[in-house]
Amino acid sequence: MKAWLIIGSLLLSSVFLVISCENDSSIEFKRYYTEGAQVYITHCQNCHGTHGEGLLALIPPLTDSVYFKNNKTTLACSIRDGMKDPLIVGGKGFANTMPQQVLSPIELAEVITYIQNSFGNKLGLTTVDQVQADMTNCK
Amino acid sequence: MRKLIFGLLVVLTWAACKSGDKKALPIYGNRQAVTKTVNGKTVTDTIYQTIPKFKFVNQYGDSITNKSLDGDIYVADFFFTTCPSICPVMARNMLKVFGAFKSTGNFKIISHSIDPKHDSIPVLKKYADKLGVTGNTWWFLQGKKEDTYTIAEKSYLVAVSQDSTAAGGYVHQGYFVLVDKQKRVRGAYDGTDPKQVDQLIADIKTLQAEPDEMIVQ
């Protein structure tokens, strides 16, 4: 009886250990993602939709992981400064302008992390440091 | 005794449901009683506020007047193609209304551009194409800015203002205004709220089931 109790409590504590040992980057990712969801609702959802579906041929969807990979370093600039040039997303052309958004570098990093890990995308964390580095090259 | 209570409950529930079914939509706007003589008898009629004459141009370049909507139930809203804030949501929701009624006949949607300077006929056509809107159920209308603002504020939205808490800026608030076959405003719905848009779809069905009355002129 006593042996079982000891084994049980040992097992339980090892589970707790694993949970609390969750590495720092994973916690950081969750923080970015949660904050990013709020930024998305305020600044992006009206046009790009609750599920990042966009609006037919008018507003591009946010489901094209390949587009995000190819434009990794320019995303922060595009979101902050808006977009004017026609672009191809998911094999379809879009020509409407995207208005600029007043967002801080941390908010940009959060919302990029959220978008790139929602709607079928799994592209991991984008940190504020990355965003700040990318923004030195804004046009 | 228990049976009696149960019976009473059933009757009450049925009665409650029945009155729910019969719910008619309110008629908005000013009204006045008019007494007239018909066949020697004095009859009192109620004259309701109706949408007055108008003339705009649609995305195909056709001129659209109040007569173009005779005999139709229709939904009106106000937008502009470059609007970055609420318009995409409104378009998304209006597409739901469009999808529900595009093949029923006697139904129209008219979306007035409040930025006629930018929203020329080709711009409106392109916008409609991008939304996948074809045919003559949904018209995107363009006209003189004053005309659009006047009809918005004096006809569509003053009629529903008793329901609204905010005073100014109706045009930008994204209302979908429901108008019946007699050109009376029967409802206004927040075009950015999917729940209210579902209510609009339900109310259009209620209106379609309403018996045709004499058209008040």
# chains A, B, ... in the order shown; residues from 1 in each chain; ligands from 1
$ residues_around --residues "stretch 90-106 of chain B" --least-positions-apart "3" --cutoff "6 Å" --atoms "only C-alpha atoms" --output "list in words"
Asp72, Cys87, Thr137, Gly191 and Thr192 of chain B
$ residues_around --residues "A:Ser118" --least-positions-apart "3" --cutoff "9 Å" --atoms "only C-alpha atoms" --output "list in words"
His51, Gly52, Leu62, Thr63, Thr113, Tyr114, Ile115, Asn121 and Lys122 of chain A
$ atom_distance --atom1 "atom CA of B:Tyr156" --atom2 "atom CA of B:Ile51"
7.2 Å
$ residues_around --residues "B:Leu178" --least-positions-apart "4" --cutoff "9 Å" --atoms "only C-alpha atoms" --output "number ranges by chain"
B: 73-76, 156, 184-189, 200, 203-204
$ residues_around --residues "A:Thr42" --least-positions-apart "5" --cutoff "12 Å" --atoms "only C-alpha atoms" --output "PDB file with N, CA and C atoms, in the first residue's frame"
ATOM      1  N   GLU A  35      -1.386  37.546 -27.158  1.00  0.00           N
ATOM      2  CA  GLU A  35      -1.473  39.000 -27.384  1.00  0.00           C
ATOM      3  C   GLU A  35      -1.783  39.277 -28.863  1.00  0.00           C
ATOM      4  N   GLY A  36      -1.155  38.514 -29.728  1.00  0.00           N
ATOM      5  CA  GLY A  36      -1.344  38.686 -31.169  1.00  0.00           C
ATOM      6  C   GLY A  36      -2.788  38.479 -31.586  1.00  0.00           C
ATOM      7  N   ALA A  37      -3.476  37.569 -30.910  1.00  0.00           N
ATOM      8  CA  ALA A  37      -4.887  37.314 -31.227  1.00  0.00           C
ATOM      9  C   ALA A  37      -5.712  38.577 -30.997  1.00  0.00           C
ATOM     10  N   CYS A  47     -11.246  43.025 -42.147  1.00  0.00           N
ATOM     11  CA  CYS A  47     -11.023  42.739 -43.560  1.00  0.00           C
ATOM     12  C   CYS A  47     -10.673  41.273 -43.804  1.00  0.00           C
ATOM     13  N   HIS A  48      -9.760  40.728 -43.021  1.00  0.00           N
ATOM     14  CA  HIS A  48      -9.255  39.391 -43.326  1.00  0.00           C
ATOM     15  C   HIS A  48     -10.111  38.282 -42.744  1.00  0.00           C
ATOM     16  N   GLY A  49     -11.086  38.644 -41.893  1.00  0.00           N
ATOM     17  CA  GLY A  49     -12.047  37.655 -41.420  1.00  0.00           C
ATOM     18  C   GLY A  49     -11.620  36.908 -40.174  1.00  0.00           C
ATOM     19  N   THR A  50     -12.612  36.330 -39.509  1.00  0.00           N
ATOM     20  CA  THR A  50     -12.380  35.600 -38.253  1.00  0.00           C
ATOM     21  C   THR A  50     -11.431  34.428 -38.457  1.00  0.00           C
ATOM     22  N   GLN A 101      -1.146  50.469 -40.598  1.00  0.00           N
ATOM     23  CA  GLN A 101      -1.634  50.205 -39.244  1.00  0.00           C
ATOM     24  C   GLN A 101      -0.668  50.812 -38.242  1.00  0.00           C
ATOM     25  N   VAL A 102      -1.227  51.525 -37.292  1.00  0.00           N
ATOM     26  CA  VAL A 102      -0.376  52.089 -36.248  1.00  0.00           C
ATOM     27  C   VAL A 102      -0.126  51.002 -35.195  1.00  0.00           C
ATOM     28  N   LEU A 103       1.022  50.347 -35.312  1.00  0.00           N
ATOM     29  CA  LEU A 103       1.361  49.246 -34.403  1.00  0.00           C
ATOM     30  C   LEU A 103       2.818  49.374 -33.961  1.00  0.00           C
ATOM     31  N   GLU A 107       3.843  44.767 -30.972  1.00  0.00           N
ATOM     32  CA  GLU A 107       2.516  44.368 -31.475  1.00  0.00           C
ATOM     33  C   GLU A 107       2.629  43.695 -32.843  1.00  0.00           C
ATOM     34  N   VAL A 111       1.354  39.984 -33.619  1.00  0.00           N
ATOM     35  CA  VAL A 111       0.317  39.663 -34.609  1.00  0.00           C
ATOM     36  C   VAL A 111       0.881  38.773 -35.724  1.00  0.00           C
TER      37      VAL A 111
ATOM     38  N   SER B  85     -12.584  50.022 -43.004  1.00  0.00           N
ATOM     39  CA  SER B  85     -13.013  49.628 -41.661  1.00  0.00           C
ATOM     40  C   SER B  85     -14.173  48.641 -41.678  1.00  0.00           C
ATOM     41  N   ILE B  86     -15.403  49.147 -41.727  1.00  0.00           N
ATOM     42  CA  ILE B  86     -16.528  48.233 -41.556  1.00  0.00           C
ATOM     43  C   ILE B  86     -17.041  47.625 -42.860  1.00  0.00           C
TER      44      ILE B  86
END
$ select_by_dssp --residues "stretch 23-119 of chain A" --states "helix (DSSP H, G or I)" --output "PyMOL selection string"
chain A and resi 24-43+45-48+65-70+75-81+105-115
$ closest_atom_pairs --of "chain A" --to "chain B" --cutoff "6 Å" --atoms "only C-alpha atoms" --output "JSON lines"
{"residue": "A:Asn46", "atom": "CA", "partner": "B:Val89", "partner_atom": "CA", "distance": 5.6}
{"residue": "A:Cys47", "atom": "CA", "partner": "B:Pro88", "partner_atom": "CA", "distance": 5.3}
{"residue": "A:Leu56", "atom": "CA", "partner": "B:Leu131", "partner_atom": "CA", "distance": 5.9}
{"residue": "A:Ala57", "atom": "CA", "partner": "B:Lys130", "partner_atom": "CA", "distance": 4.7}
{"residue": "A:Leu58", "atom": "CA", "partner": "B:Lys130", "partner_atom": "CA", "distance": 5.5}
$ residues_around --residues "stretch 78-85 of chain A" --least-positions-apart "6" --cutoff "12 Å" --atoms "only C-alpha atoms" --output "ChimeraX atom specification"
/A:39-40,43-44,59-60,68,71-72,93-109,111-112,115,131-132,134-135,137-139 /B:84
$ write_last_selection --atoms "N, CA and C atoms" --output "compact mmCIF listing (two decimals), in the first residue's frame"
# COMPACT_ATOMS: atom_id res chain seq x y z
N VAL A 39 -4.52 41.75 -31.03
CA VAL A 39 -4.13 42.72 -32.06
C VAL A 39 -4.86 42.40 -33.37
N TYR A 40 -4.93 41.11 -33.67
CA TYR A 40 -5.59 40.68 -34.90
C TYR A 40 -7.05 41.12 -34.92
N HIS A 43 -7.15 45.02 -35.40
CA HIS A 43 -6.57 45.66 -36.59
C HIS A 43 -6.77 44.90 -37.89
N CYS A 44 -7.06 43.62 -37.85
CA CYS A 44 -7.03 42.83 -39.09
C CYS A 44 -8.34 42.12 -39.42
N ILE A 59 -10.09 40.82 -50.88
CA ILE A 59 -9.10 40.86 -49.81
C ILE A 59 -8.45 39.48 -49.68
N PRO A 60 -7.11 39.43 -49.74
CA PRO A 60 -6.45 38.12 -49.75
C PRO A 60 -6.62 37.37 -48.42
N PHE A 68 3.91 33.61 -46.86
CA PHE A 68 4.56 34.11 -45.64
C PHE A 68 6.04 33.76 -45.61
N ASN A 71 7.97 35.98 -47.96
CA ASN A 71 7.99 37.40 -47.63
C ASN A 71 8.29 37.64 -46.15
N LYS A 72 8.99 36.69 -45.56
CA LYS A 72 9.25 36.69 -44.12
C LYS A 72 9.79 38.02 -43.60
N GLY A 93 -4.55 36.71 -57.83
CA GLY A 93 -4.05 38.07 -57.79
C GLY A 93 -4.97 38.98 -56.98
N PHE A 94 -4.37 39.91 -56.26
CA PHE A 94 -5.13 40.91 -55.51
C PHE A 94 -4.55 42.28 -55.79
N ALA A 95 -5.42 43.28 -55.98
CA ALA A 95 -4.91 44.59 -56.40
C ALA A 95 -5.34 45.73 -55.49
N ASN A 96 -6.14 45.47 -54.46
CA ASN A 96 -6.59 46.56 -53.61
C ASN A 96 -5.49 46.99 -52.64
N THR A 97 -5.58 48.22 -52.18
CA THR A 97 -4.56 48.66 -51.23
C THR A 97 -4.93 48.21 -49.83
N MET A 98 -3.88 48.00 -49.03
CA MET A 98 -4.09 47.70 -47.62
C MET A 98 -3.66 48.94 -46.83
N PRO A 99 -4.54 49.42 -45.95
CA PRO A 99 -4.18 50.64 -45.22
C PRO A 99 -3.08 50.37 -44.20
N GLN A 100 -2.34 51.44 -43.87
CA GLN A 100 -1.28 51.26 -42.88
C GLN A 100 -1.89 51.10 -41.49
N GLN A 101 -1.15 50.47 -40.60
CA GLN A 101 -1.63 50.21 -39.24
C GLN A 101 -0.67 50.81 -38.24
N VAL A 102 -1.23 51.52 -37.29
CA VAL A 102 -0.38 52.09 -36.25
C VAL A 102 -0.13 51.00 -35.19
N LEU A 103 1.02 50.35 -35.31
CA LEU A 103 1.36 49.25 -34.40
C LEU A 103 2.82 49.37 -33.96
N SER A 104 3.08 49.07 -32.71
CA SER A 104 4.45 49.09 -32.20
C SER A 104 5.16 47.82 -32.66
N PRO A 105 6.51 47.80 -32.62
CA PRO A 105 7.24 46.60 -33.03
C PRO A 105 6.79 45.34 -32.26
N ILE A 106 6.53 45.48 -30.98
CA ILE A 106 6.11 44.29 -30.22
C ILE A 106 4.74 43.81 -30.69
N GLU A 107 3.84 44.77 -30.97
CA GLU A 107 2.52 44.37 -31.48
C GLU A 107 2.63 43.69 -32.84
N LEU A 108 3.53 44.22 -33.68
CA LEU A 108 3.75 43.61 -34.99
C LEU A 108 4.26 42.18 -34.84
N ALA A 109 5.22 42.00 -33.92
CA ALA A 109 5.77 40.66 -33.70
C ALA A 109 4.68 39.72 -33.19
N VAL A 111 1.35 39.98 -33.62
CA VAL A 111 0.32 39.66 -34.61
C VAL A 111 0.88 38.77 -35.72
N ILE A 112 2.15 38.98 -36.07
CA ILE A 112 2.76 38.09 -37.08
C ILE A 112 2.84 36.67 -36.53
N ILE A 115 -0.75 35.23 -36.67
CA ILE A 115 -1.22 34.90 -38.03
C ILE A 115 -0.46 33.69 -38.58
N VAL A 131 11.57 41.58 -35.76
CA VAL A 131 10.76 42.64 -36.37
C VAL A 131 11.56 43.93 -36.46
N GLN A 132 12.25 44.26 -35.37
CA GLN A 132 13.02 45.51 -35.37
C GLN A 132 14.14 45.49 -36.42
N ASP A 134 14.05 43.69 -39.20
CA ASP A 134 13.40 43.76 -40.52
C ASP A 134 13.01 45.20 -40.85
N MET A 135 12.61 45.95 -39.81
CA MET A 135 12.08 47.29 -40.07
C MET A 135 13.16 48.30 -40.41
N ASN A 137 14.93 47.88 -42.77
CA ASN A 137 14.97 47.83 -44.24
C ASN A 137 13.66 48.24 -44.90
N CYS A 138 12.75 48.83 -44.11
CA CYS A 138 11.47 49.24 -44.70
C CYS A 138 11.74 50.26 -45.81
N LYS A 139 10.91 50.13 -46.89
CA LYS A 139 11.09 51.05 -48.01
C LYS A 139 10.59 52.44 -47.65
N PRO B 84 -11.83 50.91 -45.49
CA PRO B 84 -11.05 49.84 -44.89
C PRO B 84 -11.63 49.29 -43.58
$ atom_distance --atom1 "atom CA of A:Leu123" --atom2 "atom CA of A:Leu87"
20.7 Å
$ atom_distance --atom1 "atom CA of B:Thr46" --atom2 "atom CA of B:Ala33"
4.5 Å
$ closest_residue --among "B:Ile121, B:Ile114, B:Ala152, B:Val57" --to "B:Tyr175" --atoms "only C-alpha atoms"
B:Ala152
$ residues_around --residues "B:Ile47" --least-positions-apart "4" --cutoff "8 Å" --atoms "only C-alpha atoms" --output "PyMOL selection string"
chain B and resi 31-34+216
$ select_by_dssp --residues "stretch 8-116 of chain A" --states "strand (DSSP E or B)" --output "PyMOL selection string"
chain A and resi 55+59+83+87-89+92-94+98
$ write_last_selection --atoms "C-alpha atoms" --output "CSV table (one decimal), in the first residue's frame"
chain,number,residue,atom,x,y,z
A,55,LEU,CA,-13.0,38.3,-48.9
A,59,ILE,CA,-9.1,40.9,-49.8
A,83,MET,CA,0.5,47.7,-49.3
A,87,LEU,CA,0.2,40.7,-55.1
A,88,ILE,CA,-0.4,37.0,-55.6
A,89,VAL,CA,-1.6,35.0,-52.7
A,92,LYS,CA,-4.8,34.5,-57.0
A,93,GLY,CA,-4.1,38.1,-57.8
A,94,PHE,CA,-5.1,40.9,-55.5
A,98,MET,CA,-4.1,47.7,-47.6
